[in-house]
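Engineer: CSV, C-alpha atoms and all ligand atoms, file start.csv:
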chain,number,residue,atom,x,y,z
S,1,MET,CA,20.5,205.9,-20.1
S,2,THR,CA,20.6,209.5,-21.4
S,3,SER,CA,23.3,211.3,-23.3
S,4,SER,CA,24.4,213.3,-20.3
S,5,LYS,CA,25.2,210.0,-18.5
S,6,VAL,CA,26.9,208.3,-21.4
S,7,ALA,CA,30.5,208.1,-20.2
S,8,ALA,CA,32.9,209.3,-22.9
S,9,LEU,CA,35.0,206.3,-23.9
S,10,PRO,CA,38.7,206.7,-23.4
S,11,ALA,CA,40.4,208.0,-26.6
S,12,ALA,CA,42.5,205.3,-28.3
S,13,PRO,CA,45.9,205.7,-26.8
S,14,GLN,CA,47.4,203.8,-29.7
S,15,ARG,CA,46.4,204.5,-33.3
S,16,ASP,CA,44.2,201.8,-34.8
S,17,ALA,CA,44.4,199.7,-31.7
S,18,ARG,CA,40.7,198.9,-32.0
S,19,ARG,CA,41.7,196.7,-35.0
S,20,ILE,CA,42.3,194.0,-32.5
S,21,TRP,CA,38.8,192.8,-33.0
S,22,TRP,CA,38.8,193.0,-36.8
S,23,ASN,CA,38.7,189.4,-37.8
S,24,GLY,CA,40.3,189.6,-41.2
S,25,LYS,CA,37.2,189.3,-43.3
S,26,ALA,CA,37.1,192.9,-44.4
S,27,ARG,CA,39.6,194.6,-46.6
S,28,VAL,CA,41.1,197.3,-44.5
S,29,ALA,CA,43.9,198.2,-46.8
S,30,GLY,CA,47.3,199.0,-45.6
S,31,ARG,CA,46.3,198.7,-41.9
S,32,GLN,CA,47.7,196.6,-39.1
S,33,THR,CA,46.0,193.2,-39.0
S,34,ALA,CA,44.5,191.7,-35.9
S,35,GLN,CA,47.2,189.1,-35.9
S,36,GLU,CA,50.0,191.7,-36.0
S,37,LEU,CA,48.3,193.6,-33.2
S,38,CYS,CA,48.1,190.4,-31.1
S,39,LEU,CA,51.8,189.9,-31.5
S,40,GLU,CA,52.5,193.5,-30.6
S,41,LEU,CA,50.3,193.2,-27.5
S,42,ASP,CA,51.5,189.7,-26.7
S,43,LEU,CA,48.0,188.4,-26.9
S,44,ALA,CA,47.1,184.8,-27.8
S,45,PRO,CA,45.0,184.6,-31.0
S,46,TYR,CA,42.1,182.9,-29.1
S,47,ARG,CA,41.9,186.0,-26.9
S,48,GLN,CA,41.5,188.1,-30.0
S,49,ALA,CA,38.5,185.9,-31.0
S,50,GLN,CA,37.1,186.3,-27.5
S,51,ILE,CA,37.3,190.1,-27.7
S,52,TYR,CA,35.8,190.1,-31.2
S,53,GLN,CA,32.9,188.0,-30.0
S,54,ALA,CA,32.3,190.1,-26.9
S,55,VAL,CA,32.2,193.3,-29.0
S,56,CYS,CA,30.0,191.9,-31.7
S,57,LYS,CA,27.7,189.6,-29.7
S,58,GLU,CA,27.5,191.2,-26.3
S,59,LEU,CA,28.1,194.7,-27.6
S,60,VAL,CA,30.7,195.3,-25.0
S,61,THR,CA,32.8,198.4,-25.6
S,62,ASP,CA,34.9,198.5,-22.4
S,63,PRO,CA,37.5,195.8,-22.0
S,64,ALA,CA,36.8,195.7,-18.3
S,65,ALA,CA,33.4,194.2,-19.0
S,66,ILE,CA,34.7,191.3,-21.0
S,67,THR,CA,34.3,188.8,-18.2
S,68,VAL,CA,35.7,185.8,-20.1
S,69,LEU,CA,39.1,187.5,-19.9
S,70,PRO,CA,41.3,187.3,-16.8
S,71,VAL,CA,41.1,190.4,-14.7
S,72,ALA,CA,44.8,191.3,-15.2
S,73,LEU,CA,44.4,191.1,-18.9
S,74,ARG,CA,41.3,193.2,-18.9
S,75,GLN,CA,43.2,195.8,-16.9
S,76,ARG,CA,46.1,195.7,-19.4
S,77,LEU,CA,43.8,196.0,-22.4
S,78,ARG,CA,42.1,198.9,-20.8
S,79,GLU,CA,45.4,200.7,-20.5
S,80,THR,CA,46.6,199.9,-23.9
S,81,LEU,CA,43.7,200.0,-26.3
S,82,ALA,CA,40.2,201.2,-27.0
S,83,LEU,CA,37.8,198.7,-28.4
S,84,VAL,CA,35.7,201.4,-30.1
S,85,SER,CA,37.0,204.8,-31.1
S,86,LEU,CA,33.7,206.3,-31.8
S,87,SER,CA,32.1,208.1,-28.9
S,88,PRO,CA,28.5,209.1,-28.4
S,89,ALA,CA,28.5,212.9,-28.1
S,90,ARG,CA,24.8,213.6,-27.8
S,91,GLU,CA,21.6,211.7,-28.0
S,92,VAL,CA,18.0,212.8,-28.2
S,93,THR,CA,14.8,210.9,-28.1
S,94,SER,CA,11.5,211.9,-29.6
S,95,ALA,CA,8.5,212.6,-27.4
S,96,ASP,CA,6.8,209.4,-28.4
S,97,GLY,CA,9.9,207.4,-27.5
S,98,GLN,CA,10.1,205.7,-30.9
S,99,THR,CA,13.2,207.4,-32.3
S,100,THR,CA,16.5,208.2,-30.7
S,101,LYS,CA,19.0,210.2,-32.7
S,102,PHE,CA,22.7,210.1,-31.9
S,103,LEU,CA,25.5,212.4,-32.7
S,104,PHE,CA,28.8,210.4,-32.6
S,105,SER,CA,32.3,211.8,-32.6
S,106,LEU,CA,34.9,210.0,-34.7
S,107,ALA,CA,38.4,209.7,-33.2
S,108,ASP,CA,39.4,213.2,-34.5
S,109,GLY,CA,36.1,214.8,-33.3
S,110,THR,CA,34.3,214.8,-36.7
S,111,PRO,CA,30.6,214.4,-36.1
S,112,VAL,CA,28.4,211.7,-37.8
S,113,GLU,CA,24.8,210.9,-37.1
S,114,GLY,CA,22.9,207.7,-36.4
S,115,VAL,CA,19.3,207.0,-35.6
S,116,LEU,CA,17.6,204.1,-33.7
S,117,MET,CA,14.0,203.6,-34.7
S,118,ARG,CA,11.6,201.4,-32.7
S,119,HIS,CA,8.8,200.4,-35.0
S,120,ARG,CA,5.4,199.5,-33.6
S,121,GLY,CA,5.4,196.1,-35.3
S,122,GLY,CA,8.5,195.1,-33.4
S,123,ARG,CA,11.2,195.9,-35.9
S,124,THR,CA,14.2,197.8,-34.6
S,125,THR,CA,16.1,199.7,-37.3
S,126,ALA,CA,19.5,201.5,-37.1
S,127,CYS,CA,20.0,204.3,-39.6
S,128,ILE,CA,23.7,205.2,-40.0
S,129,SER,CA,26.1,207.4,-41.9
S,130,SER,CA,28.3,206.4,-44.7
S,131,GLN,CA,30.3,209.6,-44.8
S,132,ALA,CA,30.9,212.6,-42.6
S,133,GLY,CA,28.8,215.2,-44.4
S,134,CYS,CA,27.9,214.8,-48.0
S,135,ALA,CA,29.1,216.4,-51.3
S,136,LEU,CA,25.9,216.0,-53.3
S,137,ARG,CA,24.0,219.0,-52.1
S,138,CYS,CA,20.5,217.8,-52.6
S,139,ASP,CA,18.4,220.9,-52.1
S,140,PHE,CA,16.1,219.6,-49.4
S,141,CYS,CA,18.7,217.8,-47.3
S,142,ALA,CA,20.3,219.2,-44.2
S,143,THR,CA,23.5,217.1,-44.7
S,144,GLY,CA,24.0,218.6,-48.2
S,145,GLN,CA,23.4,222.0,-46.8
S,146,GLY,CA,26.3,221.4,-44.3
S,147,GLY,CA,28.7,220.2,-47.0
S,148,PHE,CA,31.2,217.3,-47.2
S,149,VAL,CA,33.7,216.7,-44.4
S,150,ARG,CA,35.5,213.5,-45.3
S,151,ASN,CA,35.1,209.8,-46.0
S,152,ILE,CA,34.9,207.6,-43.0
S,153,SER,CA,36.4,204.1,-42.5
S,154,ALA,CA,34.7,200.7,-42.4
S,155,LEU,CA,35.2,200.6,-38.7
S,156,ASP,CA,33.7,204.0,-38.2
S,157,ILE,CA,30.6,202.7,-40.0
S,158,PHE,CA,30.6,199.4,-38.1
S,159,GLU,CA,31.0,201.1,-34.7
S,160,GLN,CA,28.0,203.3,-35.3
S,161,VAL,CA,25.9,200.1,-35.7
S,162,LEU,CA,27.5,198.7,-32.5
S,163,LEU,CA,26.7,201.7,-30.5
S,164,VAL,CA,23.1,202.0,-31.8
S,165,ALA,CA,22.6,198.2,-31.2
S,166,ALA,CA,24.0,198.6,-27.6
S,167,ARG,CA,21.5,201.3,-27.0
S,168,ALA,CA,18.7,199.0,-28.2
S,169,ARG,CA,20.1,196.1,-26.1
S,170,ARG,CA,19.8,198.2,-23.0
S,171,GLU,CA,16.0,198.2,-23.7
S,172,GLY,CA,15.9,194.5,-24.3
S,173,LYS,CA,15.7,195.0,-28.1
S,174,SER,CA,18.0,193.7,-30.8
S,175,LEU,CA,18.5,195.3,-34.2
S,176,THR,CA,16.5,193.7,-36.9
S,177,ASN,CA,17.3,196.1,-39.8
S,178,LEU,CA,20.0,198.5,-40.9
S,179,VAL,CA,19.7,201.3,-43.4
S,180,PHE,CA,22.5,203.4,-44.9
S,181,MET,CA,20.3,206.5,-44.9
S,182,GLY,CA,22.2,208.8,-42.5
S,183,MET,CA,24.7,211.3,-43.7
S,184,GLY,CA,26.6,210.7,-46.9
S,185,GLU,CA,26.4,208.9,-50.2
S,186,PRO,CA,27.3,205.2,-49.6
S,187,PHE,CA,28.4,204.7,-53.2
S,188,LEU,CA,30.9,207.5,-52.9
S,189,ASN,CA,32.6,205.5,-50.1
S,190,TYR,CA,32.0,202.2,-51.7
S,191,ASP,CA,34.9,200.1,-50.3
S,192,ALA,CA,34.4,201.2,-46.7
S,193,VAL,CA,30.7,200.6,-46.8
S,194,MET,CA,31.1,197.1,-48.3
S,195,ASP,CA,33.8,196.3,-45.7
S,196,ALA,CA,31.4,197.3,-43.0
S,197,VAL,CA,28.7,195.1,-44.5
S,198,ALA,CA,31.1,192.2,-44.5
S,199,LEU,CA,31.9,192.7,-40.8
S,200,LEU,CA,28.2,193.2,-39.9
S,201,ASN,CA,27.4,190.0,-41.9
S,202,ASP,CA,30.0,187.8,-40.3
S,203,PRO,CA,28.2,184.8,-38.6
S,204,GLN,CA,31.0,184.6,-36.0
S,205,GLY,CA,30.5,188.2,-35.3
S,206,PHE,CA,27.6,190.7,-35.5
S,207,ASN,CA,25.7,188.3,-37.8
S,208,LEU,CA,23.2,190.7,-39.4
S,209,GLY,CA,21.8,189.1,-42.6
S,210,ALA,CA,22.6,191.1,-45.7
S,211,ARG,CA,18.9,191.1,-46.6
S,212,ARG,CA,18.2,193.0,-43.5
S,213,MET,CA,20.4,195.9,-44.7
S,214,THR,CA,19.5,198.5,-47.3
S,215,ILE,CA,21.9,200.8,-49.1
S,216,SER,CA,20.3,204.0,-50.3
S,217,THR,CA,21.9,205.9,-53.2
S,218,ALA,CA,21.1,209.3,-54.6
S,219,GLY,CA,21.9,207.7,-58.0
S,220,VAL,CA,25.7,207.1,-58.4
S,221,VAL,CA,25.4,205.0,-61.5
S,222,PRO,CA,28.9,203.4,-61.4
S,223,GLY,CA,28.2,202.4,-57.8
S,224,ILE,CA,24.9,200.7,-58.8
S,225,GLU,CA,26.8,198.9,-61.7
S,226,ARG,CA,29.5,197.7,-59.3
S,227,PHE,CA,26.9,196.6,-56.7
S,228,THR,CA,25.2,194.6,-59.5
S,229,ALA,CA,28.4,193.0,-60.8
S,230,GLU,CA,29.5,192.0,-57.3
S,231,HIS,CA,26.1,190.5,-56.4
S,232,VAL,CA,26.0,192.1,-53.1
S,233,GLN,CA,23.0,190.7,-51.2
S,234,VAL,CA,22.1,193.9,-49.5
S,235,ASN,CA,18.8,195.6,-50.6
S,236,LEU,CA,19.2,198.5,-53.0
S,237,ALA,CA,17.2,201.8,-52.6
S,238,ILE,CA,17.4,204.7,-55.0
S,239,SER,CA,16.4,208.2,-54.0
S,240,LEU,CA,14.4,209.3,-57.0
S,241,HIS,CA,12.3,212.3,-55.7
S,242,ALA,CA,11.3,213.4,-59.2
S,243,ALA,CA,10.2,211.8,-62.4
S,244,ASP,CA,11.6,214.3,-64.9
S,245,ASP,CA,15.2,215.5,-65.5
S,246,GLU,CA,14.5,219.2,-65.2
S,247,LEU,CA,12.9,218.9,-61.7
S,248,ARG,CA,15.3,216.2,-60.5
S,249,SER,CA,18.4,218.2,-61.5
S,250,ARG,CA,17.0,221.1,-59.5
S,251,LEU,CA,16.4,219.0,-56.4
S,252,MET,CA,19.4,216.7,-56.8
S,253,PRO,CA,22.4,218.2,-58.7
S,254,ILE,CA,23.8,214.7,-59.2
S,255,ASN,CA,21.1,214.2,-61.8
S,256,ARG,CA,23.1,216.4,-64.1
S,257,LYS,CA,25.9,213.8,-64.1
S,258,TRP,CA,23.7,210.7,-64.2
S,259,PRO,CA,20.2,211.7,-65.6
S,260,LEU,CA,17.1,209.5,-65.2
S,261,ALA,CA,17.6,207.5,-68.4
S,262,LEU,CA,21.1,206.3,-67.2
S,263,LEU,CA,19.9,205.8,-63.6
S,264,LEU,CA,16.9,203.7,-64.5
S,265,ALA,CA,18.8,201.7,-67.1
S,266,ALA,CA,21.3,200.8,-64.3
S,267,ALA,CA,18.4,199.9,-62.0
S,268,ARG,CA,16.8,197.7,-64.7
S,269,ASN,CA,20.1,195.9,-65.2
S,270,TYR,CA,20.3,195.3,-61.5
S,271,VAL,CA,16.9,193.8,-61.5
S,272,ALA,CA,17.6,191.7,-64.6
S,273,ALA,CA,21.0,190.5,-63.2
S,274,THR,CA,19.9,189.8,-59.6
S,275,ARG,CA,16.1,189.2,-59.8
S,276,ARG,CA,15.9,191.4,-56.8
S,277,LYS,CA,13.6,194.3,-56.1
S,278,VAL,CA,14.7,198.0,-56.2
S,279,PHE,CA,13.2,200.3,-53.7
S,280,TYR,CA,12.6,203.8,-54.9
S,281,GLU,CA,12.4,206.5,-52.3
S,282,TYR,CA,10.2,209.4,-53.3
S,283,LEU,CA,10.2,212.4,-51.0
S,284,LEU,CA,6.9,214.3,-51.3
S,285,LEU,CA,7.3,218.1,-51.5
S,286,ASP,CA,4.1,220.1,-51.5
S,287,GLU,CA,3.4,221.5,-54.9
S,288,VAL,CA,6.8,220.7,-56.1
S,289,ASN,CA,6.8,217.0,-57.1
S,290,ASP,CA,3.5,215.7,-55.7
S,291,SER,CA,0.9,216.4,-58.4
S,292,PRO,CA,-1.2,213.7,-60.1
S,293,ASP,CA,0.9,214.4,-63.3
S,294,ASP,CA,4.1,213.7,-61.3
S,295,ALA,CA,2.6,210.4,-60.1
S,296,ARG,CA,1.7,209.4,-63.7
S,297,ARG,CA,5.2,210.3,-64.9
S,298,LEU,CA,6.7,208.3,-62.1
S,299,ALA,CA,4.5,205.3,-63.0
S,300,ASP,CA,5.5,205.5,-66.6
S,301,LEU,CA,9.2,205.6,-65.7
S,302,LEU,CA,9.0,202.5,-63.5
S,303,GLY,CA,7.7,200.0,-66.1
S,304,GLY,CA,8.9,196.4,-65.6
S,305,PRO,CA,9.1,194.0,-62.7
S,306,LEU,CA,10.5,194.2,-59.2
S,307,HIS,CA,10.2,197.6,-57.9
S,308,HIS,CA,8.6,199.2,-54.8
S,309,VAL,CA,8.0,202.9,-54.1
S,310,ASN,CA,8.3,204.4,-50.6
S,311,LEU,CA,6.7,207.8,-50.3
S,312,ILE,CA,8.6,209.8,-47.7
S,313,PRO,CA,7.2,212.7,-45.8
S,314,TYR,CA,9.5,215.8,-45.8
S,315,ASN,CA,11.2,216.7,-42.6
S,316,ALA,CA,11.7,220.5,-42.5
S,317,THR,CA,15.2,221.9,-43.0
S,318,ASP,CA,16.3,225.4,-43.9
S,319,ALA,CA,15.2,224.7,-47.5
S,320,PRO,CA,11.9,226.4,-48.7
S,321,TYR,CA,9.8,223.2,-49.0
S,322,ARG,CA,6.7,222.0,-47.2
S,323,ARG,CA,5.5,218.5,-46.5
S,324,SER,CA,2.7,217.3,-48.8
S,325,SER,CA,-0.7,217.1,-47.2
S,326,PRO,CA,-2.2,213.7,-46.3
S,327,LEU,CA,-4.7,214.2,-49.1
S,328,ARG,CA,-2.1,214.9,-51.8
S,329,THR,CA,0.0,212.0,-50.5
S,330,ARG,CA,-2.9,209.6,-50.7
S,331,ARG,CA,-3.9,210.7,-54.1
S,332,PHE,CA,-0.3,210.3,-55.3
S,333,ALA,CA,-0.1,206.8,-53.8
S,334,ASP,CA,-3.5,205.9,-55.4
S,335,ILE,CA,-2.4,206.8,-58.9
S,336,LEU,CA,0.7,204.6,-58.5
S,337,ARG,CA,-1.4,201.7,-57.2
S,338,GLU,CA,-3.9,202.1,-60.0
S,339,ARG,CA,-1.0,201.6,-62.4
S,340,GLY,CA,0.2,198.5,-60.7
S,341,ILE,CA,3.1,200.1,-58.8
S,342,PRO,CA,3.5,198.7,-55.3
S,343,VAL,CA,3.7,201.7,-52.9
S,344,THR,CA,4.1,202.3,-49.2
S,345,ILE,CA,3.5,205.6,-47.5
S,346,ARG,CA,6.1,206.0,-44.8
S,347,HIS,CA,5.0,207.6,-41.6
S,348,THR,CA,7.2,210.1,-40.1
S,349,MET,CA,9.4,209.2,-37.2
S,350,GLY,CA,11.1,211.7,-35.0
S,351,ASP,CA,10.3,214.9,-36.8
S,352,ASP,CA,10.1,216.6,-33.4
S,353,ILE,CA,13.8,215.8,-32.9
S,354,ALA,CA,15.0,216.7,-36.4
S,355,ALA,CA,15.7,213.1,-37.3
S,356,ALA,CA,16.1,213.7,-41.0
S,357,CYS,CA,19.4,213.3,-42.7
S,358,GLY,CA,22.0,215.8,-41.3
S,359,GLN,CA,19.7,217.7,-39.1
S,360,LEU,CA,21.2,217.0,-35.7
S,361,ARG,CA,24.6,218.2,-36.7
S,362,ALA,CA,22.9,221.3,-38.2
S,363,GLU,CA,20.9,222.2,-35.1
S,364,GLY,CA,21.8,223.2,-31.7
S,365,VAL,CA,20.3,220.4,-29.7
S,366,SER,CA,21.1,221.2,-26.1
S,367,ARG,CA,17.5,222.1,-25.2
S,368,ARG,CA,16.3,218.9,-26.6
S,369,VAL,CA,19.0,216.8,-25.1
S,370,ARG,CA,18.0,218.2,-21.7
S,371,ARG,CA,14.5,217.3,-22.4
S,372,ALA,CA,15.5,213.7,-23.3
S,373,ALA,CA,17.6,213.5,-20.2
S,374,GLY,CA,14.9,214.8,-17.9
S,401,LIG,N1,22.8,209.7,-50.1
S,401,LIG,C1,21.9,208.6,-50.0
S,401,LIG,C2,21.6,208.1,-48.6
S,401,LIG,C3,21.4,209.2,-47.5
S,401,LIG,S1,20.0,210.2,-47.5
S,401,LIG,C4,20.6,208.9,-50.7
S,401,LIG,O1,20.5,210.0,-51.2
S,401,LIG,O2,19.8,208.0,-50.8
S,401,LIG,C5,18.7,209.0,-47.1
S,401,LIG,C6,17.3,209.5,-47.6
S,401,LIG,O3,16.8,210.6,-46.8
S,401,LIG,C7,17.3,209.9,-49.0
S,401,LIG,O4,16.2,209.3,-49.7
S,401,LIG,C8,17.2,211.4,-48.9
S,401,LIG,O5,16.7,211.9,-50.1
S,401,LIG,C9,16.3,211.5,-47.7
S,401,LIG,N2,16.2,212.9,-47.1
S,401,LIG,C10,17.1,213.8,-47.2
S,401,LIG,N3,16.7,214.9,-46.6
S,401,LIG,C11,15.4,214.7,-46.1
S,401,LIG,C12,14.4,215.5,-45.5
S,401,LIG,N4,14.7,216.7,-45.1
S,401,LIG,N5,13.3,214.9,-45.2
S,401,LIG,C13,13.0,213.6,-45.6
S,401,LIG,N6,13.9,212.8,-46.2
S,401,LIG,C14,15.1,213.4,-46.5
Could you show the structure in this file as structure tokens?
Structural biologist:
Amino acid sequence: MTSSKVAALPAAPQRDARRIWWNGKARVAGRQTAQELCLELDLAPYRQAQIYQAVCKELVTDPAAITVLPVALRQRLRETLALVSLSPAREVTSADGQTTKFLFSLADGTPVEGVLMRHRGGRTTACISSQAGCALRCDFCATGQGGFVRNISALDIFEQVLLVAARARREGKSLTNLVFMGMGEPFLNYDAVMDAVALLNDPQGFNLGARRMTISTAGVVPGIERFTAEHVQVNLAISLHAADDELRSRLMPINRKWPLALLLAAARNYVAATRRKVFYEYLLLDEVNDSPDDARRLADLLGGPLHHVNLIPYNATDAPYRRSSPLRTRRFADILRERGIPVTIRHTMGDDIAAACGQLRAEGVSRRVRRAAG
């Protein structure tokens, strides 16, 4: 199915009606519970469980398709509530078919982005947004260039995963991994992200193992500390991108608030407390942070156990950077390896469709959408 044929879901006629399938495991503060909503809609609790299961396991977003419910009830639900308030506004697929990028509209029309990646080895990964826009203004990032719009709710996050998973399901694939690497800084919307993780994790519901999820932070130290203290089982990735404070502050202004010494101390505490690995993301920018000296500095910084470096190719934005050449990339990786640092060179996915963070919102995509639809 292509974006032009994705029928817009009916807008929720009743505020927060979609909470019907919230099963009570997440903390959705001050909101109507599923039980209260059942009472209001005169719905037996076991019906709520059926709806929740249909949404989470069969990825049904239209009450009419929940075949376990009587027809009259399906009809009534259709008239009174929307199961999902997010709607797919646009989607675009890369020429190689590996990557599909989505622009979703939240109930009030605010756009957020998600990506479906079909890896050659069989993994299927959803990349989703934790905020609408981002306040951190990393110099190389299209989301930062567009600015911060607002925080989004746990269900806004959860529903992005549902819709990406539904897209994969139509191709006979199920999601194997989830990364919080779309728009936004997950640790600046901590509660909503963790509530979404709890929902995604629920064995009676979507049932995605915490270890299949990765939260990526630009380096919000109090968030890392809380994540450590709460023993969240989700993988932790830190976007490092530079191995000295001067350069990192230039690329990522958040470094002025939490410089490398504080950030790496928090990461080391995490490793010590959880015995789990930290993934460091390092975006390679030609002649900016990709010299042999940069690699050596990075290796020196990452002493100690349980870390892994992912070298990320730059996806062009309006910023004046270029992607590092394959040669410089290999040399950087080799230096890390020689120093005993485990490293993976990420291959690009979807750079022909502007699949990097924040780029779909930033671009006019109509031409590409037509191509995907054709
Ligand atoms: N705020 C979080 C998560 C969202 S960004 C974080 O910073 O980690 C997810 C990843 O995409 C980060 O590593 C980010 O630095 C990277 N990224 C941003 N813009 C990019 C670009 N133009 N090309 C490649 N990676 C980019």
Engineer: At a cut-off of 6 Å around ligand LIG 401 (chain S), and using only C-alpha atoms and all ligand atoms, what residues come up? Please write them as a PyMOL selection string.
Structural biologist: chain S and resi 140-141+181-185+216-218+238-239+281+313-317+356-357
Engineer: Hey, could you make a per-residue contact list for stretch 268-313 of chain S against stretch 252-262 of chain S with 12 Å as the cut-off, showing the nearest pair of atoms and its distance in Å to one decimal, counting all atoms listed in the file, sorted by chain and number, as JSON lines?
Structural biologist:
{"residue": "S:Arg268", "atom": "CA", "partner": "S:Leu262", "partner_atom": "CA", "distance": 9.9}
{"residue": "S:Asn269", "atom": "CA", "partner": "S:Leu262", "partner_atom": "CA", "distance": 10.6}
{"residue": "S:Leu283", "atom": "CA", "partner": "S:Met252", "partner_atom": "CA", "distance": 11.7}
{"residue": "S:Arg297", "atom": "CA", "partner": "S:Leu260", "partner_atom": "CA", "distance": 11.9}
{"residue": "S:Leu298", "atom": "CA", "partner": "S:Leu260", "partner_atom": "CA", "distance": 10.9}
{"residue": "S:Leu301", "atom": "CA", "partner": "S:Leu260", "partner_atom": "CA", "distance": 8.8}
{"residue": "S:Leu302", "atom": "CA", "partner": "S:Leu260", "partner_atom": "CA", "distance": 10.8}
Engineer: Show me the residues around (18.9, 209.4, -38.0) - criterion: an atom at most 12 Å away, all atoms listed in the file counted - as a PyMOL selection string.
Structural biologist: chain S and resi 91-94+98-104+112-117+125-130+142-143+160-161+164+178-184+315+348-351+353-361
Engineer: Please indicate the distance in Å from atom CA of S:Tyr270 to atom CA of S:Ile215, rounded to one decimal place.
Structural biologist: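 Those two atoms sit 13.7 Å apart.
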Engineer: Atom CA of S:Ala82 and atom CA of S:Ser153, how far apart in Å?
Structural biologist: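 These atoms are spaced 16.2 Å apart.
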Engineer: I'd like to know which of S:Glu58, S:Pro305, S:Gln131, S:Pro203 is closest to S:Gly144, using all atoms listed in the file.
Structural biologist: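 Checking each of S:Glu58, S:Pro305, S:Gln131, S:Pro203 against S:Gly144, counting all atoms listed in the file, the winner is S:Gln131.
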Engineer: Using only C-alpha atoms, can you tell me which of S:Leu264, S:Asp245, S:Leu175, S:Asp42 comes closest to S:Gly219?
Structural biologist: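 Looking only at the distances to S:Gly219, the closest residue turns out to be S:Leu264.
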Engineer: Just how far from atom CA of S:Asn207 is atom CA of S:Arg47, in Å to one decimal?
Structural biologist: 19.7 Å
Engineer: Tell me which of S:His241, S:His231, S:Arg339, S:Arg328 sits closest to S:Val271, counting all atoms listed in the file.
Structural biologist: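 Among the listed residues, the smallest separation from S:Val271 belongs to S:His231.
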Engineer: Given the choices S:Thr228, S:Ser325, S:Asn201, S:Ser291, which gets closest to S:Ala243 if the distance is worked out from only C-alpha atoms?
Structural biologist: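 Looking only at the distances to S:Ala243, the closest residue turns out to be S:Ser291.
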Engineer: Could you give me, as a PyMOL selection string, the residues within 8 Å of S:Gly205, counting only C-alpha atoms and dropping anything in the same chain fewer than 3 positions from it?
Structural biologist: chain S and resi 52-53+56-57+199-202
Engineer: Closest to S:Arg137 among S:Ala154, S:Ala168, S:Val68, S:Leu251, using all atoms listed in the file?
Structural biologist: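 Smallest distance to S:Arg137 is found for S:Leu251.
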Engineer: Distance cut-off 9 Å, centre (26.5, 203.1, -61.1) in file coordinates, counting only C-alpha atoms: which residues qualify? Return them as a VMD selection string.
Structural biologist: chain S and resid 187 219 to 228 258 262 to 263 266 to 267
